[in-house]
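Reproduced below: query_2.pdb, with PDB, C-alpha atoms.
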```pdb
ATOM      1  CA  MET A   1     -16.466 -26.347  15.411
ATOM      2  CA  ARG A   2     -13.695 -25.189  13.070
ATOM      3  CA  ARG A   3     -13.329 -26.363   9.519
ATOM      4  CA  SER A   4     -11.827 -29.853   9.630
ATOM      5  CA  TRP A   5      -9.867 -29.474   6.400
ATOM      6  CA  LEU A   6      -7.442 -27.209   8.196
ATOM      7  CA  ALA A   7      -7.367 -29.075  11.446
ATOM      8  CA  VAL A   8      -4.302 -30.821  10.070
ATOM      9  CA  LEU A   9      -2.111 -27.739  10.592
ATOM     10  CA  LEU A  10       0.972 -29.620  11.727
ATOM     11  CA  LEU A  11       4.006 -28.276  13.526
ATOM     12  CA  GLY A  12       7.286 -27.733  11.723
ATOM     13  CA  GLY A  13       5.796 -26.094   8.653
ATOM     14  CA  LEU A  14       4.008 -29.140   7.253
ATOM     15  CA  ALA A  15       1.258 -28.395   4.779
ATOM     16  CA  LEU A  16      -2.381 -27.795   5.474
ATOM     17  CA  ALA A  17      -4.775 -30.604   4.566
ATOM     18  CA  GLN A  18      -6.394 -28.559   1.841
ATOM     19  CA  LYS A  19      -4.409 -25.434   1.131
ATOM     20  CA  PRO A  20      -6.337 -22.356   0.013
ATOM     21  CA  ASN A  21      -5.495 -20.836  -3.341
ATOM     22  CA  VAL A  22      -4.501 -17.257  -2.529
ATOM     23  CA  VAL A  23      -4.022 -14.561  -5.151
ATOM     24  CA  ILE A  24      -2.254 -11.468  -3.814
ATOM     25  CA  GLY A  25      -3.102  -8.175  -5.501
ATOM     26  CA  THR A  26      -0.066  -5.889  -5.270
ATOM     27  CA  GLY A  27       0.741  -2.813  -7.368
ATOM     28  CA  GLY A  28       2.940  -1.778 -10.249
ATOM     29  CA  VAL A  29       6.499  -3.009 -10.786
ATOM     30  CA  GLY A  30       8.866  -0.524  -9.156
ATOM     31  CA  GLY A  31       6.663  -0.029  -6.103
ATOM     32  CA  VAL A  32       7.088  -1.684  -2.714
ATOM     33  CA  TYR A  33       3.659  -3.398  -2.875
ATOM     34  CA  PHE A  34       4.786  -5.550  -5.789
ATOM     35  CA  TYR A  35       7.898  -6.829  -4.030
ATOM     36  CA  TYR A  36       6.177  -7.241  -0.681
ATOM     37  CA  GLY A  37       3.344  -9.283  -2.194
ATOM     38  CA  THR A  38       5.672 -11.381  -4.321
ATOM     39  CA  THR A  39       7.818 -12.201  -1.297
ATOM     40  CA  LEU A  40       4.774 -13.106   0.799
ATOM     41  CA  ALA A  41       3.602 -15.518  -1.889
ATOM     42  CA  GLU A  42       7.026 -17.185  -1.872
ATOM     43  CA  LEU A  43       7.046 -17.455   1.920
ATOM     44  CA  TRP A  44       3.546 -18.921   2.077
ATOM     45  CA  ASN A  45       4.268 -21.453  -0.650
ATOM     46  CA  LYS A  46       7.469 -22.497   1.093
ATOM     47  CA  ALA A  47       5.695 -22.790   4.457
ATOM     48  CA  GLY A  48       3.001 -24.927   2.843
ATOM     49  CA  VAL A  49       0.120 -22.817   4.144
ATOM     50  CA  ALA A  50      -1.278 -21.812   0.742
ATOM     51  CA  THR A  51      -0.883 -22.125  -2.978
ATOM     52  CA  ALA A  52      -0.126 -18.463  -3.480
ATOM     53  CA  GLN A  53       0.702 -16.170  -6.350
ATOM     54  CA  ALA A  54       1.149 -12.399  -6.545
ATOM     55  CA  VAL A  55      -0.256 -10.389  -9.451
ATOM     56  CA  GLN A  56       0.588  -6.909 -10.682
ATOM     57  CA  THR A  57      -2.336  -4.485 -10.383
ATOM     58  CA  ALA A  58      -3.133  -0.768 -10.265
ATOM     59  CA  ALA A  59      -2.958  -1.153  -6.451
ATOM     60  CA  SER A  60      -5.408  -0.296  -3.663
ATOM     61  CA  ILE A  61      -8.837   0.319  -5.215
ATOM     62  CA  ASP A  62      -8.212  -2.231  -7.957
ATOM     63  CA  ASN A  63      -7.132  -4.738  -5.294
ATOM     64  CA  ILE A  64     -10.243  -4.203  -3.177
ATOM     65  CA  LEU A  65     -12.445  -4.733  -6.233
ATOM     66  CA  LEU A  66     -10.623  -8.019  -6.945
ATOM     67  CA  LEU A  67     -11.090  -9.133  -3.333
ATOM     68  CA  GLU A  68     -14.805  -8.332  -3.443
ATOM     69  CA  THR A  69     -15.618  -9.724  -6.895
ATOM     70  CA  ARG A  70     -13.137 -12.523  -7.613
ATOM     71  CA  THR A  71     -12.971 -14.380  -4.309
ATOM     72  CA  ASN A  72     -14.630 -17.779  -4.720
ATOM     73  CA  PRO A  73     -14.930 -19.776  -1.489
ATOM     74  CA  GLN A  74     -16.619 -22.662  -3.324
ATOM     75  CA  GLY A  75     -13.541 -22.900  -5.525
ATOM     76  CA  ASN A  76     -11.199 -22.476  -2.524
ATOM     77  CA  THR A  77      -9.786 -19.282  -4.103
ATOM     78  CA  TYR A  78      -9.324 -16.089  -2.115
ATOM     79  CA  TYR A  79      -8.044 -12.705  -3.247
ATOM     80  CA  CYS A  80      -5.932 -10.917  -0.658
ATOM     81  CA  ALA A  81      -4.092  -7.640  -1.190
ATOM     82  CA  THR A  82      -1.868  -4.788  -0.151
ATOM     83  CA  ALA A  83      -3.832  -1.552   0.238
ATOM     84  CA  LEU A  84      -3.673   1.994   1.549
ATOM     85  CA  PRO A  85      -5.777   2.588   4.669
ATOM     86  CA  ASP A  86      -7.645   5.600   3.308
ATOM     87  CA  SER A  87      -8.661   3.619   0.218
ATOM     88  CA  VAL A  88      -9.816   0.709   2.389
ATOM     89  CA  TYR A  89     -11.787   3.081   4.602
ATOM     90  CA  LEU A  90     -13.507   4.793   1.663
ATOM     91  CA  ALA A  91     -14.358   1.440   0.033
ATOM     92  CA  TYR A  92     -15.543  -0.213   3.273
ATOM     93  CA  THR A  93     -17.817   2.717   4.138
ATOM     94  CA  GLY A  94     -19.085   3.131   0.557
ATOM     95  CA  GLN A  95     -17.665   6.656   0.234
ATOM     96  CA  HIS A  96     -15.559   5.849  -2.836
ATOM     97  CA  GLU A  97     -17.442   6.219  -6.121
ATOM     98  CA  ARG A  98     -16.734   2.631  -7.162
ATOM     99  CA  PHE A  99     -18.262   1.285  -3.936
ATOM    100  CA  LYS A 100     -21.239   3.623  -3.465
ATOM    101  CA  ASN A 101     -23.826   0.978  -4.315
ATOM    102  CA  ARG A 102     -21.950  -1.902  -2.747
ATOM    103  CA  PRO A 103     -19.588  -1.074   0.158
ATOM    104  CA  ALA A 104     -16.644  -3.437   0.519
ATOM    105  CA  LYS A 105     -17.908  -5.080   3.701
ATOM    106  CA  ASN A 106     -16.048  -8.339   2.990
ATOM    107  CA  VAL A 107     -12.674  -6.680   3.688
ATOM    108  CA  ARG A 108     -10.758  -7.766   6.780
ATOM    109  CA  ILE A 109      -7.298  -6.672   7.927
ATOM    110  CA  LEU A 110      -4.807  -9.504   8.301
ATOM    111  CA  PHE A 111      -2.043  -7.193   9.533
ATOM    112  CA  ALA A 112      -0.633  -3.679   9.211
ATOM    113  CA  MET A 113       2.522  -3.696   7.063
ATOM    114  CA  TYR A 114       4.557  -0.479   7.043
ATOM    115  CA  PRO A 115       3.984   3.247   6.556
ATOM    116  CA  ASN A 116       3.610   4.699   3.075
ATOM    117  CA  TYR A 117       4.795   8.195   2.332
ATOM    118  CA  LEU A 118       3.155  10.495  -0.163
ATOM    119  CA  HIS A 119       5.780  11.534  -2.702
ATOM    120  CA  ILE A 120       5.261  14.528  -4.990
ATOM    121  CA  VAL A 121       8.241  13.986  -7.242
ATOM    122  CA  THR A 122       9.768  16.514  -9.592
ATOM    123  CA  ARG A 123      13.204  17.639 -10.796
ATOM    124  CA  GLU A 124      14.917  20.799  -9.631
ATOM    125  CA  SER A 125      14.943  22.289 -13.130
ATOM    126  CA  ALA A 126      11.112  22.196 -13.255
ATOM    127  CA  GLY A 127      10.861  25.066 -10.764
ATOM    128  CA  ILE A 128       8.209  23.363  -8.603
ATOM    129  CA  ARG A 129       8.822  24.261  -4.955
ATOM    130  CA  VAL A 130       5.342  24.132  -3.386
ATOM    131  CA  ILE A 131       2.172  22.257  -4.337
ATOM    132  CA  GLN A 132       0.585  25.373  -5.886
ATOM    133  CA  ASP A 133       3.438  25.397  -8.426
ATOM    134  CA  LEU A 134       1.840  22.332 -10.059
ATOM    135  CA  LYS A 135      -0.628  24.688 -11.728
ATOM    136  CA  GLY A 136       0.082  24.822 -15.462
ATOM    137  CA  LYS A 137       2.421  21.801 -15.297
ATOM    138  CA  ARG A 138       2.229  18.295 -16.747
ATOM    139  CA  VAL A 139       1.456  16.003 -13.813
ATOM    140  CA  SER A 140       0.749  12.297 -13.257
ATOM    141  CA  THR A 141      -1.735  11.641 -10.455
ATOM    142  CA  GLY A 142      -1.179   7.876 -10.253
ATOM    143  CA  ALA A 143      -2.567   4.832 -12.004
ATOM    144  CA  PRO A 144      -6.373   4.608 -12.376
ATOM    145  CA  GLY A 145      -7.800   2.645  -9.465
ATOM    146  CA  SER A 146      -4.764   3.179  -7.248
ATOM    147  CA  GLY A 147      -4.539   4.479  -3.712
ATOM    148  CA  THR A 148      -2.037   7.013  -5.022
ATOM    149  CA  GLU A 149      -4.737   8.486  -7.252
ATOM    150  CA  VAL A 150      -7.165   8.675  -4.321
ATOM    151  CA  GLU A 151      -4.606  10.525  -2.202
ATOM    152  CA  ALA A 152      -3.441  12.785  -5.023
ATOM    153  CA  LEU A 153      -6.942  14.005  -5.805
ATOM    154  CA  LEU A 154      -7.757  14.579  -2.140
ATOM    155  CA  VAL A 155      -4.514  16.490  -1.571
ATOM    156  CA  LEU A 156      -5.098  18.632  -4.656
ATOM    157  CA  GLU A 157      -8.651  19.386  -3.548
ATOM    158  CA  ALA A 158      -7.433  20.381  -0.079
ATOM    159  CA  ALA A 159      -4.849  22.658  -1.706
ATOM    160  CA  GLY A 160      -7.507  24.338  -3.853
ATOM    161  CA  LEU A 161      -6.350  22.646  -7.053
ATOM    162  CA  SER A 162      -7.684  20.038  -9.474
ATOM    163  CA  PRO A 163      -6.304  18.204 -12.524
ATOM    164  CA  LYS A 164      -8.073  20.846 -14.651
ATOM    165  CA  ASP A 165      -5.410  23.281 -13.454
ATOM    166  CA  PHE A 166      -2.664  21.209 -15.079
ATOM    167  CA  ALA A 167      -1.337  21.759 -18.568
ATOM    168  CA  LYS A 168      -1.745  17.992 -18.901
ATOM    169  CA  GLN A 169      -2.835  15.181 -16.583
ATOM    170  CA  GLU A 170      -1.351  11.712 -16.862
ATOM    171  CA  ARG A 171      -2.444   8.654 -14.856
ATOM    172  CA  LEU A 172       0.673   6.505 -14.569
ATOM    173  CA  GLY A 173       2.130   4.050 -12.070
ATOM    174  CA  ALA A 174       5.471   4.491 -10.318
ATOM    175  CA  GLN A 175       7.765   3.079 -12.994
ATOM    176  CA  GLU A 176       5.924   4.767 -15.870
ATOM    177  CA  SER A 177       5.823   8.100 -14.024
ATOM    178  CA  ALA A 178       9.543   7.964 -13.249
ATOM    179  CA  SER A 179      10.354   7.197 -16.885
ATOM    180  CA  ALA A 180       8.097  10.011 -18.122
ATOM    181  CA  LEU A 181       9.741  12.509 -15.766
ATOM    182  CA  SER A 182      13.217  11.358 -16.722
ATOM    183  CA  GLU A 183      12.402  11.718 -20.432
ATOM    184  CA  GLY A 184      10.887  15.180 -19.959
ATOM    185  CA  ASN A 185       7.325  14.139 -20.812
ATOM    186  CA  ILE A 186       5.914  15.242 -17.448
ATOM    187  CA  ASP A 187       7.037  17.761 -14.835
ATOM    188  CA  ALA A 188       5.928  15.999 -11.645
ATOM    189  CA  PHE A 189       4.109  12.952 -10.332
ATOM    190  CA  PHE A 190       2.355  11.698  -7.236
ATOM    191  CA  TRP A 191       3.323   8.403  -5.662
ATOM    192  CA  SER A 192       2.350   6.793  -2.365
ATOM    193  CA  GLY A 193       4.852   4.157  -1.375
ATOM    194  CA  GLY A 194       7.281   2.809   1.180
ATOM    195  CA  LEU A 195      10.857   3.953   1.670
ATOM    196  CA  PRO A 196      12.759   3.566  -0.477
ATOM    197  CA  THR A 197      10.689   3.132  -3.645
ATOM    198  CA  GLY A 198      12.975   1.526  -6.224
ATOM    199  CA  ALA A 199      11.641   3.420  -9.232
ATOM    200  CA  ILE A 200      12.391   6.754  -7.542
ATOM    201  CA  VAL A 201      15.871   5.659  -6.455
ATOM    202  CA  GLU A 202      16.608   4.850 -10.101
ATOM    203  CA  LEU A 203      15.091   8.160 -11.228
ATOM    204  CA  ALA A 204      17.342  10.108  -8.836
ATOM    205  CA  ALA A 205      20.410   8.397 -10.293
ATOM    206  CA  THR A 206      19.242   9.027 -13.869
ATOM    207  CA  LEU A 207      18.600  12.733 -13.231
ATOM    208  CA  ALA A 208      22.011  13.082 -11.586
ATOM    209  CA  ARG A 209      23.672  11.645 -14.694
ATOM    210  CA  LYS A 210      21.811  14.245 -16.754
ATOM    211  CA  GLY A 211      23.065  17.085 -14.572
ATOM    212  CA  ASP A 212      19.724  17.607 -12.831
ATOM    213  CA  ARG A 213      18.532  16.605  -9.378
ATOM    214  CA  ILE A 214      15.459  14.989  -7.895
ATOM    215  CA  GLN A 215      13.204  17.139  -5.738
ATOM    216  CA  LEU A 216      10.252  16.261  -3.518
ATOM    217  CA  VAL A 217       7.530  18.854  -2.938
ATOM    218  CA  PRO A 218       6.997  19.356   0.824
ATOM    219  CA  LEU A 219       3.687  19.032   2.662
ATOM    220  CA  PRO A 220       4.433  20.554   6.104
ATOM    221  CA  PRO A 221       2.456  19.364   9.166
ATOM    222  CA  GLN A 222       0.633  22.696   9.423
ATOM    223  CA  SER A 223      -0.369  22.718   5.741
ATOM    224  CA  THR A 224      -4.045  22.434   4.808
ATOM    225  CA  PRO A 225      -3.732  19.065   2.976
ATOM    226  CA  VAL A 226      -2.092  17.413   5.999
ATOM    227  CA  GLN A 227      -4.686  18.876   8.379
ATOM    228  CA  VAL A 228      -7.541  17.743   6.118
ATOM    229  CA  PHE A 229      -6.216  14.163   5.939
ATOM    230  CA  GLN A 230      -5.744  13.897   9.675
ATOM    231  CA  ARG A 231      -9.331  14.974  10.266
ATOM    232  CA  ARG A 232     -10.766  12.687   7.595
ATOM    233  CA  PHE A 233      -8.668   9.609   8.371
ATOM    234  CA  PRO A 234      -7.886   9.789  12.089
ATOM    235  CA  GLY A 235      -5.420   7.214  13.325
ATOM    236  CA  VAL A 236      -4.164   6.046   9.918
ATOM    237  CA  SER A 237      -2.695   9.257   8.468
ATOM    238  CA  ALA A 238      -0.060  11.393  10.146
ATOM    239  CA  PRO A 239       2.713  13.858   9.349
ATOM    240  CA  GLY A 240       5.834  12.076   8.145
ATOM    241  CA  VAL A 241       9.303  12.880   6.848
ATOM    242  CA  ILE A 242      11.248  11.464   3.897
ATOM    243  CA  PRO A 243      14.904  11.782   4.986
ATOM    244  CA  LYS A 244      17.187  13.443   2.449
ATOM    245  CA  GLU A 245      19.486  10.425   2.250
ATOM    246  CA  VAL A 246      16.690   8.168   0.918
ATOM    247  CA  TYR A 247      16.758   9.717  -2.568
ATOM    248  CA  GLY A 248      19.556  12.273  -2.330
ATOM    249  CA  THR A 249      17.389  15.387  -2.020
ATOM    250  CA  ARG A 250      18.909  18.571  -0.622
ATOM    251  CA  ALA A 251      16.799  18.442   2.527
ATOM    252  CA  ASP A 252      14.405  16.236   4.479
ATOM    253  CA  THR A 253      10.881  16.460   3.047
ATOM    254  CA  PRO A 254       7.831  16.721   5.313
ATOM    255  CA  THR A 255       4.816  14.901   3.912
ATOM    256  CA  LEU A 256       1.879  12.631   4.771
ATOM    257  CA  SER A 257       2.352   9.062   5.943
ATOM    258  CA  PHE A 258      -0.145   6.188   6.022
ATOM    259  CA  TRP A 259       0.010   2.677   7.454
ATOM    260  CA  ASN A 260      -0.566   0.103   4.741
ATOM    261  CA  PHE A 261      -2.901  -2.813   5.397
ATOM    262  CA  PHE A 262      -2.664  -6.370   4.153
ATOM    263  CA  ILE A 263      -6.274  -7.388   3.636
ATOM    264  CA  CYS A 264      -8.109 -10.651   3.008
ATOM    265  CA  PRO A 265     -11.809 -11.490   2.598
ATOM    266  CA  ALA A 266     -13.984 -12.296   5.613
ATOM    267  CA  SER A 267     -14.853 -15.551   3.822
ATOM    268  CA  LEU A 268     -11.269 -16.817   4.174
ATOM    269  CA  PRO A 269     -11.611 -19.624   6.761
ATOM    270  CA  GLU A 270     -10.352 -18.715  10.221
ATOM    271  CA  GLU A 271      -7.782 -21.509  10.270
ATOM    272  CA  ALA A 272      -6.375 -20.359   6.931
ATOM    273  CA  ALA A 273      -6.105 -16.735   8.083
ATOM    274  CA  TYR A 274      -4.391 -17.926  11.255
ATOM    275  CA  ALA A 275      -1.911 -20.036   9.255
ATOM    276  CA  LEU A 276      -1.093 -17.223   6.804
ATOM    277  CA  THR A 277      -0.536 -14.750   9.626
ATOM    278  CA  LYS A 278       1.590 -17.190  11.600
ATOM    279  CA  ALA A 279       3.744 -17.996   8.556
ATOM    280  CA  THR A 280       4.292 -14.283   7.905
ATOM    281  CA  PHE A 281       5.436 -13.392  11.408
ATOM    282  CA  GLU A 282       7.579 -16.495  11.780
ATOM    283  CA  ASN A 283       9.458 -15.536   8.608
ATOM    284  CA  LEU A 284       9.960 -11.792   9.116
ATOM    285  CA  GLU A 285      13.718 -11.997   8.618
ATOM    286  CA  ALA A 286      13.285 -13.369   5.089
ATOM    287  CA  LEU A 287      10.613 -10.767   4.325
ATOM    288  CA  ARG A 288      12.841  -7.922   5.530
ATOM    289  CA  GLN A 289      15.823  -9.145   3.540
ATOM    290  CA  ALA A 290      13.728  -8.906   0.378
ATOM    291  CA  VAL A 291      11.737  -5.764   1.257
ATOM    292  CA  PRO A 292      13.477  -3.124   3.434
ATOM    293  CA  ALA A 293      10.152  -1.430   4.261
ATOM    294  CA  ALA A 294       9.115  -4.628   6.076
ATOM    295  CA  ARG A 295      11.367  -3.584   8.968
ATOM    296  CA  ASN A 296       8.187  -1.923  10.241
ATOM    297  CA  THR A 297       6.147  -5.135   9.983
ATOM    298  CA  THR A 298       6.210  -6.042  13.660
ATOM    299  CA  LEU A 299       3.744  -7.555  16.098
ATOM    300  CA  GLU A 300       3.604  -4.254  17.963
ATOM    301  CA  ASN A 301       2.826  -2.223  14.836
ATOM    302  CA  THR A 302       0.448  -4.669  13.242
ATOM    303  CA  VAL A 303      -2.167  -4.544  16.002
ATOM    304  CA  ARG A 304      -2.246  -0.749  16.337
ATOM    305  CA  PHE A 305      -5.538  -0.501  14.404
ATOM    306  CA  VAL A 306      -7.442  -3.241  16.230
ATOM    307  CA  GLY A 307     -10.783  -1.792  17.279
ATOM    308  CA  GLY A 308     -10.777   0.746  14.462
ATOM    309  CA  ALA A 309     -13.263   1.260  11.648
ATOM    310  CA  ILE A 310     -12.017  -1.730   9.627
ATOM    311  CA  PRO A 311     -12.254  -5.110  11.409
ATOM    312  CA  TYR A 312      -9.380  -7.575  11.569
ATOM    313  CA  HIS A 313      -9.838 -11.179  10.498
ATOM    314  CA  GLU A 314     -10.611 -13.454  13.438
ATOM    315  CA  GLY A 315      -7.889 -15.884  12.389
ATOM    316  CA  ALA A 316      -5.277 -13.126  12.528
ATOM    317  CA  LEU A 317      -6.521 -11.934  15.916
ATOM    318  CA  ARG A 318      -6.192 -15.477  17.263
ATOM    319  CA  TYR A 319      -2.537 -15.548  16.233
ATOM    320  CA  PHE A 320      -1.841 -12.106  17.742
ATOM    321  CA  ARG A 321      -3.352 -13.211  21.062
ATOM    322  CA  GLU A 322      -1.342 -16.428  20.962
ATOM    323  CA  ALA A 323       1.838 -14.444  20.239
ATOM    324  CA  GLY A 324       1.166 -12.062  23.124
ATOM    325  CA  ALA A 325       0.552  -8.977  20.985
ATOM    326  CA  LEU A 326      -3.073  -8.790  22.161
ATOM    327  CA  LYS A 327      -4.707  -9.692  25.445
TER     328      LYS A 327
END
```

Can you turn what I pasted into structure tokens?
Amino acid sequence: MRRSWLAVLLLGGLALAQKPNVVIGTGGVGGVYFYYGTTLAELWNKAGVATAQAVQTAASIDNILLLETRTNPQGNTYYCATALPDSVYLAYTGQHERFKNRPAKNVRILFAMYPNYLHIVTRESAGIRVIQDLKGKRVSTGAPGSGTEVEALLVLEAAGLSPKDFAKQERLGAQESASALSEGNIDAFFWSGGLPTGAIVELAATLARKGDRIQLVPLPPQSTPVQVFQRRFPGVSAPGVIPKEVYGTRADTPTLSFWNFFICPASLPEEAAYALTKATFENLEALRQAVPAARNTTLENTVRFVGGAIPYHEGALRYFREAGALK
């Protein structure tokens, strides 16, 4: 028998009998996670399915730690989050160093959001054309505890490099990295985000005003880093392309892409997970108006990882079956 406190899910967007308090871990300001999570919180509050708030974080790994350690079912408080699939996989299976002694087995996928693209951002004047050119340069590998950092270190390792090869390593988020590159304090930075990422759009405009131009370092499909990722994370990583018109680069940039997950704890009651999922997919137009990357948040895309290594929440699956996305 399902929890009675949510049995009062009424039609027409009326509130739940006892709304869960949902805290959404996002990422840094300037990245798509932050705006996606903030918009979701607004939609859920308006739909009356939760008392929701979005918080700025260092992104994926930080978010999973919050979900695992701060969720309090007795207090009706649940931490949900945006997260990169490779980070979720490493945490869930205990392969990430911060989850070795306690794998993140409470994680459940609510839905798949949109693909992230790995950006290796530099300026043309820095003379960085291929990933090996990062050697001897000042490079930011992403904020500590972020999915960007996880991907950056794995890509560097696959390319036969490490942060020790840099003249200087920084660990900055999107906005801070873009500012540091613009001001000449670093030569390049890693970022994993949706298209377009606002901080990089602004950086491209700033560099153009200074007589320079933004450049993205390519990772071709046949390159070792791309091959390594596809073997290690089958089904969630794939070759992708950042079109030249997104940031005004001279050419399209081949790179890695990853489908982002929106995750919630297994302890979130089934009726609540159902209501949150339903409210999201019944308000996609509003979400897409606020976050262009959400154009890829569709019923077809969101169920593509059902049956994979990371389980979906039962409440979400119930909605997808009801909506005809799953049989």

Check which residues of region 174-246 of chain A sit at most 8 Å from region 280-294 of chain A using only C-alpha atoms, and return one row each with the closest pair of atoms and their distance in Å to one decimal, ordered by chain and rising number, as a tab-separated table.
```
residue	atom	partner	partner_atom	distance
A:Gly194	CA	A:Ala293	CA	6.0
A:Leu195	CA	A:Ala293	CA	6.0
A:Pro196	CA	A:Ala293	CA	7.4
```

With a distance cut-off of 12 Å and all atoms listed in the file, select the neighbouring residues of Glu157 (chain A), excluding the residue or stretch itself and same-chain residues fewer than 2 positions from it, and output the selection as a VMD selection string. chain A and resid 131 to 132 150 to 155 159 to 165 224 to 226 228 to 229

For Ala126 (chain A), work out the shell of residues within 12 Å, counting all atoms listed in the file and skipping chain neighbours fewer than 3 positions away, then give it as JSON, numbers by chain. {"A": [121, 122, 123, 129, 130, 133, 134, 136, 137, 138, 139, 181, 182, 184, 185, 186, 187, 188, 189, 212, 213, 214, 215, 216, 217]}

Distance in Å - CA of Gly37 (chain A) versus CA of Ile24 (chain A): 6.2 Å

Near Ala58 (chain A), counting all atoms listed in the file, which residues have an atom at most 7 Å away, once you skip same-chain residues fewer than 3 positions from it, shown as a PyMOL selection string? chain A and resi 27-28+62+143-146

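The spacing separating CA of Thr277 (chain A) from CA of Gly198 (chain A) amounts to 26.4 Å.
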
May I ask which of the residues A:His313, A:Arg250, A:Arg304, A:Arg318 is the closest one to Ala112 (chain A), counting all atoms listed in the file?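 Distance minimum relative to Ala112 (chain A) lands on A:Arg304.
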
Nearest candidate to Phe258 (chain A) (options A:Asn116, A:Asn101, A:Gln169, A:Asn296; using only C-alpha atoms):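 Selected residue with least distance to Phe258 (chain A): A:Asn116.
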
Which of these residues is nearest to Phe261 (chain A), using all atoms listed in the file: A:Glu300, A:Asp86, A:Glu183, A:Glu176?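 Ranked by minimum distance to Phe261 (chain A), first place goes to A:Asp86.
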
Under the PyMOL selection byres ((chain A and resi 320) around 10), which residues of this model are included? Write them out as a PDB file with C-alpha atoms, keeping the file's coordinate frame.
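Wrote result_23.pdb, looks like this:
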```
ATOM      1  CA  PHE A 111      -2.043  -7.193   9.533  1.00  0.00           C
ATOM      2  CA  TYR A 274      -4.391 -17.926  11.255  1.00  0.00           C
ATOM      3  CA  THR A 277      -0.536 -14.750   9.626  1.00  0.00           C
ATOM      4  CA  LYS A 278       1.590 -17.190  11.600  1.00  0.00           C
ATOM      5  CA  PHE A 281       5.436 -13.392  11.408  1.00  0.00           C
ATOM      6  CA  LEU A 299       3.744  -7.555  16.098  1.00  0.00           C
ATOM      7  CA  GLU A 300       3.604  -4.254  17.963  1.00  0.00           C
ATOM      8  CA  THR A 302       0.448  -4.669  13.242  1.00  0.00           C
ATOM      9  CA  VAL A 303      -2.167  -4.544  16.002  1.00  0.00           C
ATOM     10  CA  GLU A 314     -10.611 -13.454  13.438  1.00  0.00           C
ATOM     11  CA  GLY A 315      -7.889 -15.884  12.389  1.00  0.00           C
ATOM     12  CA  ALA A 316      -5.277 -13.126  12.528  1.00  0.00           C
ATOM     13  CA  LEU A 317      -6.521 -11.934  15.916  1.00  0.00           C
ATOM     14  CA  ARG A 318      -6.192 -15.477  17.263  1.00  0.00           C
ATOM     15  CA  TYR A 319      -2.537 -15.548  16.233  1.00  0.00           C
ATOM     16  CA  ARG A 321      -3.352 -13.211  21.062  1.00  0.00           C
ATOM     17  CA  GLU A 322      -1.342 -16.428  20.962  1.00  0.00           C
ATOM     18  CA  ALA A 323       1.838 -14.444  20.239  1.00  0.00           C
ATOM     19  CA  GLY A 324       1.166 -12.062  23.124  1.00  0.00           C
ATOM     20  CA  ALA A 325       0.552  -8.977  20.985  1.00  0.00           C
ATOM     21  CA  LEU A 326      -3.073  -8.790  22.161  1.00  0.00           C
ATOM     22  CA  LYS A 327      -4.707  -9.692  25.445  1.00  0.00           C
TER      23      LYS A 327
END
```
